[in-house]
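**Student:** Have a peek at query_19.txt (compact mmCIF, C-alpha atoms).
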# COMPACT_ATOMS: atom_id res chain seq x y z
CA MET D 1 0.00 0.00 0.00
CA ASP D 2 2.85 2.38 0.74
CA LYS D 3 4.11 1.87 -2.78
CA ILE D 4 0.76 2.82 -4.23
CA LYS D 5 0.59 5.84 -1.97
CA ASN D 6 4.11 6.92 -2.89
CA LEU D 7 3.48 6.49 -6.59
CA TYR D 8 0.25 8.40 -6.32
CA GLN D 9 1.82 11.23 -4.35
CA ASN D 10 4.69 11.48 -6.83
CA LEU D 11 2.21 11.65 -9.66
CA ILE D 12 0.28 14.53 -8.09
CA ARG D 13 3.43 16.32 -6.92
CA GLU D 14 4.98 16.23 -10.38
CA GLU D 15 1.79 17.57 -11.82
CA ILE D 16 1.48 20.46 -9.36
CA GLU D 17 5.14 21.40 -9.67
CA SER D 18 5.17 21.36 -13.45
CA PRO D 19 6.09 24.78 -14.89
CA GLU D 20 2.94 24.92 -16.98
CA VAL D 21 0.71 24.52 -13.93
CA GLN D 22 2.69 26.99 -11.86
CA ASN D 23 2.69 29.56 -14.65
CA ALA D 24 -1.05 29.19 -15.05
CA LYS D 25 -1.43 29.62 -11.32
CA GLU D 26 0.62 32.82 -11.21
CA ALA D 27 -1.15 34.24 -14.23
CA PHE D 28 -4.52 33.50 -12.70
CA LEU D 29 -3.66 35.01 -9.33
CA ARG D 30 -2.12 38.07 -10.94
CA THR D 31 -5.12 38.62 -13.16
CA HIS D 32 -7.94 38.03 -10.75
CA PHE D 33 -6.78 38.85 -7.27
CA LYS D 34 -4.97 41.75 -5.72
CA THR D 35 -1.98 40.95 -3.60
CA ALA D 36 -0.78 42.67 -0.48
CA PRO D 37 1.21 45.86 -1.20
CA ALA D 38 4.42 44.28 0.13
CA ALA D 39 4.28 41.72 -2.62
CA ALA D 40 2.91 43.95 -5.32
CA GLY D 41 5.67 43.36 -7.81
CA PRO D 42 9.12 44.49 -8.87
CA TRP D 43 8.31 48.20 -8.53
CA LYS D 44 8.08 48.22 -4.78
CA LYS D 45 10.28 50.80 -3.07
CA THR D 46 11.43 52.33 -6.34
CA VAL D 47 10.72 55.76 -7.76
CA PHE D 48 8.57 54.02 -10.33
CA ALA D 49 6.21 52.61 -7.73
CA PRO D 50 2.65 53.83 -8.17
CA SER D 51 2.76 55.83 -4.95
CA PHE D 52 5.64 57.90 -6.28
CA ARG D 53 4.18 58.57 -9.68
CA LEU D 54 1.56 61.08 -8.54
CA ALA D 55 4.12 63.05 -6.55
CA LEU D 56 6.42 63.04 -9.57
CA VAL D 57 3.68 64.38 -11.83
CA GLY D 58 2.90 67.06 -9.24
CA CYS D 59 6.53 68.18 -9.11
CA VAL D 60 6.77 68.39 -12.87
CA ALA D 61 3.56 70.43 -13.06
CA LEU D 62 4.82 72.80 -10.38
CA ALA D 63 8.10 73.28 -12.22
CA VAL D 64 6.25 74.11 -15.44
CA LEU D 65 4.03 76.66 -13.68
CA VAL D 66 7.04 78.37 -12.11
CA LYS D 67 8.80 78.43 -15.46
CA ILE D 68 5.91 80.20 -17.18
CA GLY D 69 5.56 82.65 -14.32
CA ALA D 70 2.13 81.67 -13.18
CA PHE D 71 2.92 82.72 -9.63
CA GLU D 72 4.41 86.08 -10.43
CA THR D 73 3.17 88.78 -8.06
CA THR D 74 4.03 92.38 -7.47
CA PRO D 75 6.21 92.74 -4.42
CA GLU D 76 4.23 95.52 -2.79
CA LEU D 77 1.07 93.44 -2.58
CA PRO D 78 1.24 91.45 0.62
CA VAL D 79 -0.73 88.34 1.39
CA THR D 80 -2.66 88.99 4.55
CA PRO D 81 -3.91 85.74 6.05
CA THR D 82 -5.07 87.37 9.26
CA GLN D 83 -8.72 88.01 9.72
CA GLN D 84 -9.66 91.52 10.47
CA PRO D 85 -12.92 93.38 10.43
CA SER D 86 -14.23 93.70 6.99
CA LEU D 87 -12.63 96.48 5.15
CA GLU D 88 -14.19 97.96 2.16
CA ILE D 89 -11.56 97.26 -0.43
CA SER D 90 -12.16 100.48 -2.20
CA LYS D 91 -14.69 102.20 -4.25
CA GLU D 92 -12.32 101.99 -7.12
CA ILE D 93 -12.60 98.24 -7.58
CA ASN D 94 -16.35 97.86 -7.29
CA VAL D 95 -16.67 95.55 -10.25
CA SER D 96 -20.45 95.42 -10.08
CA GLU D 97 -20.63 98.95 -11.35
CA GLN D 98 -18.85 97.88 -14.44
CA VAL D 99 -21.10 94.87 -14.93
CA GLN D 100 -24.20 97.00 -14.61
CA ALA D 101 -23.12 99.25 -17.43
CA PRO D 102 -25.42 99.12 -20.49
CA LEU D 103 -24.48 96.23 -22.65
CA ALA D 104 -25.31 98.08 -25.78
CA ALA D 105 -22.75 100.72 -25.10
CA ILE D 106 -19.41 100.27 -26.64
CA GLN D 107 -17.19 99.56 -23.73
CA PRO D 108 -13.47 99.71 -23.91
CA ALA D 109 -11.69 96.54 -22.95
CA VAL D 110 -10.51 98.28 -19.84
CA PRO D 111 -11.72 101.39 -18.14
CA GLU D 112 -10.26 104.53 -19.51
CA LYS D 113 -8.75 107.33 -17.61
CA THR D 114 -11.77 109.59 -17.43
CA ALA D 115 -11.03 111.95 -14.67
CA GLY D 116 -14.02 113.73 -13.23
CA THR D 117 -16.62 111.28 -14.54
CA GLY D 118 -16.59 109.05 -11.48
CA ALA D 119 -15.41 106.11 -13.53
CA THR D 120 -12.92 103.72 -12.14
CA ASN D 121 -9.34 104.11 -13.03
CA PHE D 122 -7.76 100.64 -12.84
CA ASN D 123 -4.54 101.57 -14.47
CA ASN D 124 -3.27 103.39 -11.44
CA LEU D 125 -4.77 101.00 -8.92
CA LYS D 126 -2.73 100.63 -5.80
CA ILE D 127 -3.81 98.33 -3.05
CA LYS D 128 -2.37 99.17 0.29
CA LYS D 129 -4.35 96.82 2.42
CA LEU D 130 -6.54 93.87 1.50
CA THR D 131 -8.45 91.67 3.92
CA SER D 132 -11.53 89.50 3.87
CA GLU D 133 -13.67 87.76 6.48
CA MET D 134 -13.76 84.74 4.20
CA GLY D 135 -10.10 83.98 4.64
CA ALA D 136 -6.71 84.72 3.23
CA THR D 137 -6.35 87.10 0.32
CA MET D 138 -3.80 87.47 -2.43
CA ALA D 139 -3.42 89.96 -5.23
CA TYR D 140 -1.14 90.33 -8.19
CA GLN D 141 -0.84 92.61 -11.11
CA LYS D 142 0.15 91.99 -14.65
CA HIS D 143 1.49 94.70 -16.89
CA PHE D 144 0.84 94.79 -20.59
CA PRO D 145 1.84 97.59 -22.98
CA ASP D 146 -1.45 99.42 -22.70
CA VAL D 147 -3.18 97.85 -19.77
CA GLN D 148 -2.60 96.64 -16.26
CA ILE D 149 -4.57 93.71 -14.86
CA THR D 150 -5.15 93.36 -11.14
CA VAL D 151 -6.28 89.97 -9.87
CA ILE D 152 -7.54 89.51 -6.35
CA TRP D 153 -7.87 86.06 -4.84
CA VAL D 154 -9.90 85.31 -1.77
CA LEU D 155 -9.28 81.85 -0.37
CA PRO D 156 -12.21 80.89 1.88
CA GLU D 157 -11.32 78.90 4.95
CA VAL D 158 -12.43 75.32 4.47
CA GLN D 159 -13.44 74.76 8.09
CA LYS D 160 -15.73 77.69 8.12
CA TYR D 161 -17.25 77.54 4.73
CA GLY D 162 -16.68 74.06 3.47
CA ALA D 163 -15.26 75.33 0.23
CA MET J 1 -17.82 28.06 15.07
CA ARG J 2 -14.81 25.79 14.94
CA ASP J 3 -11.24 26.85 15.41
CA ASP J 4 -10.41 27.79 11.83
CA PRO J 5 -6.97 29.19 11.02
CA ASP J 6 -8.44 30.90 7.96
CA LEU J 7 -11.28 32.60 9.77
CA SER J 8 -9.65 36.02 9.94
CA LEU J 9 -8.93 36.10 6.21
CA VAL J 10 -12.36 34.69 5.40
CA LEU J 11 -14.12 37.39 7.43
CA LYS J 12 -12.08 40.08 5.73
CA ALA J 13 -12.81 38.58 2.33
CA GLN J 14 -16.51 38.40 3.18
CA GLY J 15 -16.30 42.10 3.90
CA GLY J 16 -15.02 42.70 0.38
CA ASP J 17 -11.29 42.68 1.08
CA GLN J 18 -9.77 41.61 -2.25
CA VAL J 19 -6.30 41.31 -0.81
CA ALA J 20 -7.50 38.90 1.87
CA TYR J 21 -9.20 36.72 -0.71
CA GLY J 22 -6.10 36.86 -2.86
CA GLU J 23 -4.11 35.49 0.07
CA LEU J 24 -6.59 32.65 0.52
CA CYS J 25 -6.29 31.86 -3.17
CA ARG J 26 -2.52 31.85 -3.08
CA LYS J 27 -2.62 29.59 -0.05
CA TYR J 28 -5.07 27.09 -1.46
CA TYR J 29 -4.52 27.17 -5.21
CA ASN J 30 -2.28 24.09 -5.18
CA MET J 31 -4.68 22.20 -2.97
CA VAL J 32 -7.65 23.05 -5.18
CA TYR J 33 -5.68 22.11 -8.28
CA ALA J 34 -4.44 18.83 -6.78
CA VAL J 35 -7.93 17.75 -5.75
CA SER J 36 -9.31 18.77 -9.09
CA TYR J 37 -6.57 16.92 -10.94
CA GLY J 38 -7.05 13.92 -8.69
CA VAL J 39 -10.68 13.72 -9.72
CA LEU J 40 -10.32 14.74 -13.37
CA ASN J 41 -6.89 13.36 -14.27
CA ARG J 42 -6.60 15.95 -17.06
CA ARG J 43 -4.45 19.05 -16.84
CA GLU J 44 -6.36 21.63 -18.83
CA GLU J 45 -9.70 20.62 -17.47
CA SER J 46 -8.29 20.66 -13.94
CA GLN J 47 -6.92 24.17 -14.41
CA ASP J 48 -10.27 25.36 -15.65
CA VAL J 49 -12.11 23.78 -12.76
CA ALA J 50 -9.62 25.01 -10.15
CA GLN J 51 -9.87 28.57 -11.39
CA ASP J 52 -13.63 28.40 -11.72
CA VAL J 53 -13.83 27.14 -8.14
CA LEU J 54 -11.77 30.02 -6.78
CA ILE J 55 -13.88 32.57 -8.62
CA LYS J 56 -17.11 30.88 -7.60
CA VAL J 57 -16.01 30.67 -3.97
CA GLN J 58 -15.30 34.39 -3.93
CA ARG J 59 -18.74 35.07 -5.34
CA ASP J 60 -20.44 32.72 -2.88
CA LEU J 61 -18.29 33.46 0.13
CA HIS J 62 -21.27 35.00 1.91
CA LYS J 63 -22.80 31.52 1.96
CA PHE J 64 -19.99 30.22 4.13
CA LYS J 65 -21.36 30.31 7.66
CA GLY J 66 -18.46 28.67 9.46
CA ASP J 67 -20.26 25.39 10.14
CA SER J 68 -17.09 23.67 8.98
CA LYS J 69 -13.58 24.88 8.41
CA PHE J 70 -13.07 26.99 5.33
CA LYS J 71 -10.67 24.40 3.99
CA THR J 72 -13.25 21.65 4.36
CA TRP J 73 -15.81 23.80 2.57
CA LEU J 74 -13.31 24.46 -0.17
CA TYR J 75 -12.62 20.72 -0.53
CA ARG J 76 -16.32 20.10 -0.93
CA VAL J 77 -16.82 22.82 -3.51
CA THR J 78 -13.78 21.60 -5.44
CA VAL J 79 -14.78 17.95 -5.45
CA ASN J 80 -18.34 18.78 -6.47
CA ALA J 81 -17.17 21.06 -9.27
CA SER J 82 -14.72 18.43 -10.49
CA ILE J 83 -17.30 15.65 -10.44
CA ASP J 84 -19.75 17.88 -12.29
CA SER J 85 -17.10 18.54 -14.91
CA VAL J 86 -16.42 14.82 -15.38
CA ARG J 87 -20.11 14.13 -15.76
CA ARG J 88 -20.50 16.89 -18.32
CA ARG J 89 -17.55 15.49 -20.21
CA LYS J 90 -18.95 11.95 -20.10
CA GLU J 91 -22.11 13.11 -21.75
CA ALA J 92 -20.01 14.01 -24.76
CA GLU J 93 -17.72 10.97 -24.68
CA PRO J 94 -18.37 7.23 -24.83
CA LEU J 95 -18.38 5.53 -21.44
CA GLU J 96 -15.29 3.61 -20.52
CA ASN J 97 -15.66 -0.03 -19.62
CA VAL J 98 -14.20 -0.47 -16.15
CA GLY J 99 -14.89 -4.20 -16.11
CA GLU J 100 -12.91 -4.70 -19.25
CA PHE J 101 -10.06 -2.71 -17.76
CA LEU J 102 -9.96 -4.81 -14.60
CA SER J 103 -9.77 -8.07 -16.56
CA SER J 104 -7.45 -7.00 -19.36
CA LYS J 105 -4.89 -4.88 -17.56
CA THR J 106 -3.68 -7.54 -15.16
CA ILE J 107 0.07 -7.77 -15.46
CA ASP J 108 2.70 -10.25 -14.50
CA PRO J 109 3.89 -9.23 -11.02
CA ARG J 110 7.19 -11.04 -11.54
CA ARG J 111 8.12 -8.55 -14.18
CA ALA J 112 9.92 -5.58 -12.66
CA ALA J 113 8.54 -2.32 -13.94
CA SER J 114 10.40 0.94 -14.16
CA GLN J 115 9.11 4.04 -12.38
CA SER J 116 7.94 5.55 -15.62
CA GLU J 117 6.09 2.38 -16.51
CA LEU J 118 4.47 2.32 -13.09
CA LYS J 119 3.47 5.92 -13.48
CA GLU J 120 1.99 5.19 -16.84
CA ARG J 121 0.08 2.23 -15.51
CA MET J 122 -1.17 4.24 -12.59
CA GLN J 123 -2.38 6.97 -14.93
CA GLU J 124 -4.24 4.39 -16.95
CA ALA J 125 -5.68 2.80 -13.84
CA LEU J 126 -6.83 6.17 -12.50
CA LYS J 127 -8.58 6.92 -15.76
CA LYS J 128 -10.59 3.74 -15.37
CA LEU J 129 -11.76 4.59 -11.86
CA SER J 130 -14.96 6.52 -11.38
CA GLU J 131 -14.78 10.15 -10.34
CA ASP J 132 -16.27 9.24 -6.96
CA HIS J 133 -13.47 6.78 -6.30
CA ARG J 134 -10.82 9.21 -7.47
CA ALA J 135 -12.23 11.90 -5.17
CA VAL J 136 -11.87 9.67 -2.12
CA LEU J 137 -8.43 8.58 -3.25
CA VAL J 138 -7.03 12.08 -3.67
CA LEU J 139 -8.41 13.28 -0.36
CA ARG J 140 -6.92 10.27 1.41
CA GLU J 141 -3.63 9.67 -0.36
CA TRP J 142 -2.67 13.23 -1.29
CA GLU J 143 -4.42 15.44 1.21
CA GLU J 144 -4.11 12.73 3.87
CA LEU J 145 -7.49 13.45 5.40
CA SER J 146 -8.91 11.01 7.92
CA TYR J 147 -11.91 8.90 6.98
CA GLU J 148 -14.05 11.14 9.16
CA GLU J 149 -12.83 14.25 7.40
CA ILE J 150 -13.44 12.70 4.01
CA ALA J 151 -16.91 11.64 5.09
CA GLU J 152 -17.64 15.18 6.30
CA THR J 153 -16.21 16.78 3.18
CA LEU J 154 -18.05 14.57 0.74
CA GLN J 155 -21.06 14.18 3.02
CA LEU J 156 -20.85 10.41 2.84
CA GLU J 157 -21.16 7.63 5.38
CA HIS J 158 -17.93 6.48 6.96
CA GLY J 159 -18.46 3.00 5.50
CA THR J 160 -18.94 4.38 2.01
CA VAL J 161 -15.63 6.19 2.23
CA MET J 162 -13.89 3.02 3.34
CA SER J 163 -15.41 0.86 0.63
CA ARG J 164 -14.62 3.37 -2.14
CA LEU J 165 -11.08 3.70 -0.95
CA HIS J 166 -10.68 -0.08 -0.75
CA TYR J 167 -12.00 -0.48 -4.28
CA ALA J 168 -9.72 2.25 -5.66
CA ARG J 169 -6.63 0.82 -4.01
CA LYS J 170 -7.47 -2.67 -5.18
CA ALA J 171 -7.82 -1.46 -8.76
CA LEU J 172 -4.53 0.42 -8.60
CA ALA J 173 -2.73 -2.54 -7.02
CA LYS J 174 -4.00 -4.81 -9.75
CA ALA J 175 -2.93 -2.41 -12.47
CA LEU J 176 0.49 -2.02 -10.92
CA GLY J 177 0.99 -5.73 -10.36
CA LEU J 178 1.01 -5.40 -6.58
CA GLU J 179 -0.67 -8.45 -5.14
CA ASN J 180 -2.54 -8.76 -1.87
CA PRO J 181 -2.58 -5.11 -0.88
CA GLN J 182 -2.84 -4.88 2.88
CA ALA J 183 -5.91 -3.27 4.26
CA GLU J 184 -5.20 0.03 5.90
CA THR J 185 -6.25 0.48 9.44
CA ALA J 186 -9.04 2.99 9.69
CA ILE J 187 -8.10 6.19 11.45
Starting from the file, lay out its structure as structure tokens.

**Tutor:**
Amino acid sequence: MDKIKNLYQNLIREEIESPEVQNAKEAFLRTHFKTAPAAAGPWKKTVFAPSFRLALVGCVALAVLVKIGAFETTPELPVTPTQQPSLEISKEINVSEQVQAPLAAIQPAVPEKTAGTGATNFNNLKIKKLTSEMGATMAYQKHFPDVQITVIWVLPEVQKYGA
Amino acid sequence: MRDDPDLSLVLKAQGGDQVAYGELCRKYYNMVYAVSYGVLNRREESQDVAQDVLIKVQRDLHKFKGDSKFKTWLYRVTVNASIDSVRRRKEAEPLENVGEFLSSKTIDPRRAASQSELKERMQEALKKLSEDHRAVLVLREWEELSYEEIAETLQLEHGTVMSRLHYARKALAKALGLENPQAETAI
């Protein structure tokens, strides 16, 4: 009986250990079932591991943005993260007045210097202090040959406003 | 619930943890394949059945209530799937004549056979056994389960397990030219 058992066990063992069966096993497990991260393949602990790829893409994107000057700001415009009582930014940058202007009228791309008419003069805009109850603020200006653009960012605090 | 070494992984897998089920598959793939091959005696068919079983078990894992060990449940699913596969195959193939095999394959025991010849004869003898006999044989001789465990796995009477095993061994001994196989003491 031992001989039969031994022969039988050898038969099954040879079958299980055959390369074809083991390859099929690995292919099946790889295809159908996730494995623990520690055994996730040859990329573990390398810069090519999936966990590093996102950070790598982020760094590249940041470098590109810096290169094209996306974060350029004028030095005299400070970021003021502190919250202070609401301060009226200024009459000069009340954008709603511009929006309410008749659409039919021919509007210049940017407000003109029309002294004495009460119109806003953006070209000489100077912001000395900028705060908001919503959160931190940031402003920057961009100079073109015939126009100056002023951009004001208000970054609402997430905890307060769930933005 | 019995003391089951796989319980932790099974519970995680039941909760949808793919990694936990992957670990169970890696642990039991060889066992499932061996049992399947033991019953089917054909490589490609055994691979198909083994992989089908592991996918089916994942799908039906919620049905496992812990009444038996996970491994026992897996044995049962594997044997049933393998036997079903044999029966489907038989519907498409002519039935083999076991009686003819038992009378015609008797060999001269005085003739020494090489290992490869013995292996070949055993393969032939296994093909002639029924799937029910092969299932008992693989669980006993490869997985080394006790008669009680085999009976529980296959949901058979203890005596049925013993008689099937006796028949299978007798057929193999005859095919291999081993006379008067000693009866194994029941465990």

**Student:** Find the residues of chain J that sit at most 9 Å from chain D; for each, write down the nearest two atoms and how far apart they are in Å, to one decimal. Count all atoms listed in the file. Sort by chain, then by number going up, and give it as a tab-separated table.

**Tutor:**
residue	atom	partner	partner_atom	distance
J:Gln18	CA	D:Lys34	CA	5.9
J:Val19	CA	D:Lys34	CA	5.1
J:Ala20	CA	D:Thr35	CA	8.0
J:Tyr21	CA	D:Phe33	CA	7.3
J:Gly22	CA	D:Phe33	CA	4.9
J:Glu23	CA	D:Thr35	CA	6.9
J:Cys25	CA	D:Leu29	CA	7.4
J:Arg26	CA	D:Leu29	CA	7.1
J:Tyr29	CA	D:Lys25	CA	7.3
J:Asn30	CA	D:Ile16	CA	6.7
J:Tyr33	CA	D:Ile16	CA	7.4
J:Ala34	CA	D:Ile12	CA	6.5
J:Tyr37	CA	D:Ile12	CA	7.8
J:Gly38	CA	D:Ile12	CA	7.4
J:Arg43	CA	D:Val21	CA	8.1
J:Gln47	CA	D:Val21	CA	7.7
J:Gln51	CA	D:Phe28	CA	7.4
J:Ile55	CA	D:His32	CA	8.3
J:Gln115	CA	D:Leu7	CA	8.4
J:Leu118	CA	D:Leu7	CA	7.8
J:Lys119	CA	D:Leu7	CA	6.9
J:Met122	CA	D:Tyr8	CA	7.7
J:Gln123	CA	D:Leu11	CA	8.4
J:Val138	CA	D:Tyr8	CA	8.6
J:Glu141	CA	D:Lys5	CA	5.9
J:Trp142	CA	D:Gln9	CA	5.8
J:Arg169	CA	D:Ile4	CA	7.7
J:Leu172	CA	D:Ile4	CA	7.3
J:Ala173	CA	D:Ile4	CA	7.0
J:Leu176	CA	D:Ile4	CA	8.3
J:Leu178	CA	D:Ile4	CA	8.6
J:Pro181	CA	D:Met1	CA	5.8
J:Gln182	CA	D:Met1	CA	6.3
J:Ala183	CA	D:Met1	CA	8.0
J:Glu184	CA	D:Met1	CA	7.9

**Student:** CA of Ser68 (chain J) and CA of Glu144 (chain J), how far apart in Å?

**Tutor:**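 Answer for the CA of Glu144 (chain J) to CA of Ser68 (chain J) separation: 17.7 Å.
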
**Student:** Quick check, in Å to one decimal: how far apart do CA of Glu93 (chain J) and CA of Thr78 (chain J) lie?

**Tutor:**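 About the pair CA of Glu93 (chain J) and CA of Thr78 (chain J): they are 22.3 Å apart.
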
**Student:** One decimal, Å: what's the distance from CA of Gly135 (chain D) over to CA of Val64 (chain D), could you say?

**Tutor:**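 Value for the CA of Gly135 (chain D)-CA of Val64 (chain D) distance: 27.7 Å.
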
**Student:** With all atoms listed in the file as the basis for distance, which of J:Arg42, J:Arg59, J:Tyr75, J:Glu91 is at the shortest distance from Lys127 (chain J)?

**Tutor:**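 So, comparing all the options, the nearest one is J:Arg42.
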
**Student:** Specify the axis-aligned box that encloses all atoms of region 46-59 of chain J listed in the file after padding of 8 Å on each side, stating its centre and edge lengths in Å to one decimal as AutoDock Vina command-line options.

**Tutor:**
--center_x -12.8 --center_y 27.9 --center_z -9.8 --size_x 27.8 --size_y 30.4 --size_z 27.7

**Student:** Which residues, written as a tab-separated table (two decimals) with C-alpha atoms, in the coordinates of the input, have at least one atom at most 8 Å from region 79-88 of chain J, with only C-alpha atoms counted and residues fewer than 5 positions away on the same chain left out?

**Tutor:**
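Here's the written file result-v8.tsv:
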chain	number	residue	atom	x	y	z
J	35	VAL	CA	-7.93	17.75	-5.75
J	36	SER	CA	-9.31	18.77	-9.09
J	39	VAL	CA	-10.68	13.72	-9.72
J	40	LEU	CA	-10.32	14.74	-13.37
J	46	SER	CA	-8.29	20.66	-13.94
J	49	VAL	CA	-12.11	23.78	-12.76
J	53	VAL	CA	-13.83	27.14	-8.14
J	131	GLU	CA	-14.78	10.15	-10.34
J	132	ASP	CA	-16.27	9.24	-6.96
J	135	ALA	CA	-12.23	11.90	-5.17
J	154	LEU	CA	-18.05	14.57	0.74

**Student:** Env of Leu7 (chain J): 9 Å cut, atoms = only C-alpha atoms, seq-sep filter 3 positions within chain, self excluded. Answer as number ranges by chain.

**Tutor:** J: 3-4, 10-12, 66, 69-70

**Student:** Kindly add all heavy atoms to the incomplete region 139-146 of chain J and provide the output as an mmCIF file, in the frame of the given file.

**Tutor:**
data_model
loop_
_atom_site.group_PDB
_atom_site.id
_atom_site.type_symbol
_atom_site.label_atom_id
_atom_site.label_comp_id
_atom_site.auth_asym_id
_atom_site.auth_seq_id
_atom_site.Cartn_x
_atom_site.Cartn_y
_atom_site.Cartn_z
ATOM 1 N N LEU J 139 -8.290 12.700 -1.699
ATOM 2 C CA LEU J 139 -8.410 13.280 -0.360
ATOM 3 C C LEU J 139 -7.645 12.452 0.674
ATOM 4 O O LEU J 139 -7.084 12.983 1.627
ATOM 5 C CB LEU J 139 -9.884 13.396 0.045
ATOM 6 C CG LEU J 139 -10.713 14.403 -0.763
ATOM 7 C CD1 LEU J 139 -12.169 14.399 -0.306
ATOM 8 C CD2 LEU J 139 -10.145 15.816 -0.652
ATOM 9 N N ARG J 140 -7.623 11.130 0.458
ATOM 10 C CA ARG J 140 -6.920 10.270 1.410
ATOM 11 C C ARG J 140 -5.422 10.212 1.151
ATOM 12 O O ARG J 140 -4.612 10.436 2.051
ATOM 13 C CB ARG J 140 -7.520 8.858 1.330
ATOM 14 C CG ARG J 140 -6.851 7.849 2.235
ATOM 15 C CD ARG J 140 -7.087 8.175 3.681
ATOM 16 N NE ARG J 140 -6.337 7.290 4.564
ATOM 17 C CZ ARG J 140 -6.110 7.517 5.846
ATOM 18 N NH1 ARG J 140 -6.575 8.629 6.395
ATOM 19 N NH2 ARG J 140 -5.445 6.668 6.580
ATOM 20 N N GLU J 141 -5.040 9.940 -0.081
ATOM 21 C CA GLU J 141 -3.630 9.670 -0.360
ATOM 22 C C GLU J 141 -2.809 10.933 -0.591
ATOM 23 O O GLU J 141 -1.618 10.933 -0.364
ATOM 24 C CB GLU J 141 -3.491 8.752 -1.589
ATOM 25 C CG GLU J 141 -4.231 7.434 -1.479
ATOM 26 C CD GLU J 141 -3.649 6.496 -0.435
ATOM 27 O OE1 GLU J 141 -3.063 6.969 0.558
ATOM 28 O OE2 GLU J 141 -3.811 5.265 -0.594
ATOM 29 N N TRP J 142 -3.429 11.984 -1.079
ATOM 30 C CA TRP J 142 -2.670 13.230 -1.290
ATOM 31 C C TRP J 142 -2.885 14.210 -0.148
ATOM 32 O O TRP J 142 -1.943 14.683 0.463
ATOM 33 C CB TRP J 142 -3.039 13.882 -2.624
ATOM 34 C CG TRP J 142 -2.353 15.200 -2.806
ATOM 35 C CD1 TRP J 142 -2.915 16.437 -2.723
ATOM 36 C CD2 TRP J 142 -0.956 15.432 -3.047
ATOM 37 N NE1 TRP J 142 -1.974 17.414 -2.903
ATOM 38 C CE2 TRP J 142 -0.759 16.822 -3.102
ATOM 39 C CE3 TRP J 142 0.147 14.593 -3.211
ATOM 40 C CZ2 TRP J 142 0.489 17.402 -3.327
ATOM 41 C CZ3 TRP J 142 1.396 15.166 -3.441
ATOM 42 C CH2 TRP J 142 1.556 16.559 -3.497
ATOM 43 N N GLU J 143 -4.133 14.479 0.145
ATOM 44 C CA GLU J 143 -4.420 15.440 1.210
ATOM 45 C C GLU J 143 -4.307 14.812 2.592
ATOM 46 O O GLU J 143 -4.256 15.525 3.592
ATOM 47 C CB GLU J 143 -5.829 16.036 1.014
ATOM 48 C CG GLU J 143 -5.961 16.920 -0.214
ATOM 49 C CD GLU J 143 -5.084 18.171 -0.160
ATOM 50 O OE1 GLU J 143 -4.875 18.705 0.942
ATOM 51 O OE2 GLU J 143 -4.582 18.593 -1.220
ATOM 52 N N GLU J 144 -4.284 13.494 2.635
ATOM 53 C CA GLU J 144 -4.110 12.730 3.870
ATOM 54 C C GLU J 144 -5.157 13.098 4.927
ATOM 55 O O GLU J 144 -4.856 13.272 6.107
ATOM 56 C CB GLU J 144 -2.686 12.920 4.407
ATOM 57 C CG GLU J 144 -1.648 12.407 3.401
ATOM 58 C CD GLU J 144 -0.219 12.392 3.934
ATOM 59 O OE1 GLU J 144 0.154 13.352 4.633
ATOM 60 O OE2 GLU J 144 0.513 11.429 3.654
ATOM 61 N N LEU J 145 -6.388 13.231 4.470
ATOM 62 C CA LEU J 145 -7.490 13.450 5.400
ATOM 63 C C LEU J 145 -7.857 12.130 6.065
ATOM 64 O O LEU J 145 -7.643 11.051 5.501
ATOM 65 C CB LEU J 145 -8.721 13.988 4.662
ATOM 66 C CG LEU J 145 -8.607 15.325 3.921
ATOM 67 C CD1 LEU J 145 -9.992 15.773 3.439
ATOM 68 C CD2 LEU J 145 -7.987 16.394 4.793
ATOM 69 N N SER J 146 -8.417 12.219 7.255
ATOM 70 C CA SER J 146 -8.910 11.010 7.920
ATOM 71 C C SER J 146 -10.220 10.583 7.252
ATOM 72 O O SER J 146 -10.838 11.362 6.508
ATOM 73 C CB SER J 146 -9.164 11.303 9.401
ATOM 74 O OG SER J 146 -10.248 12.202 9.530
#
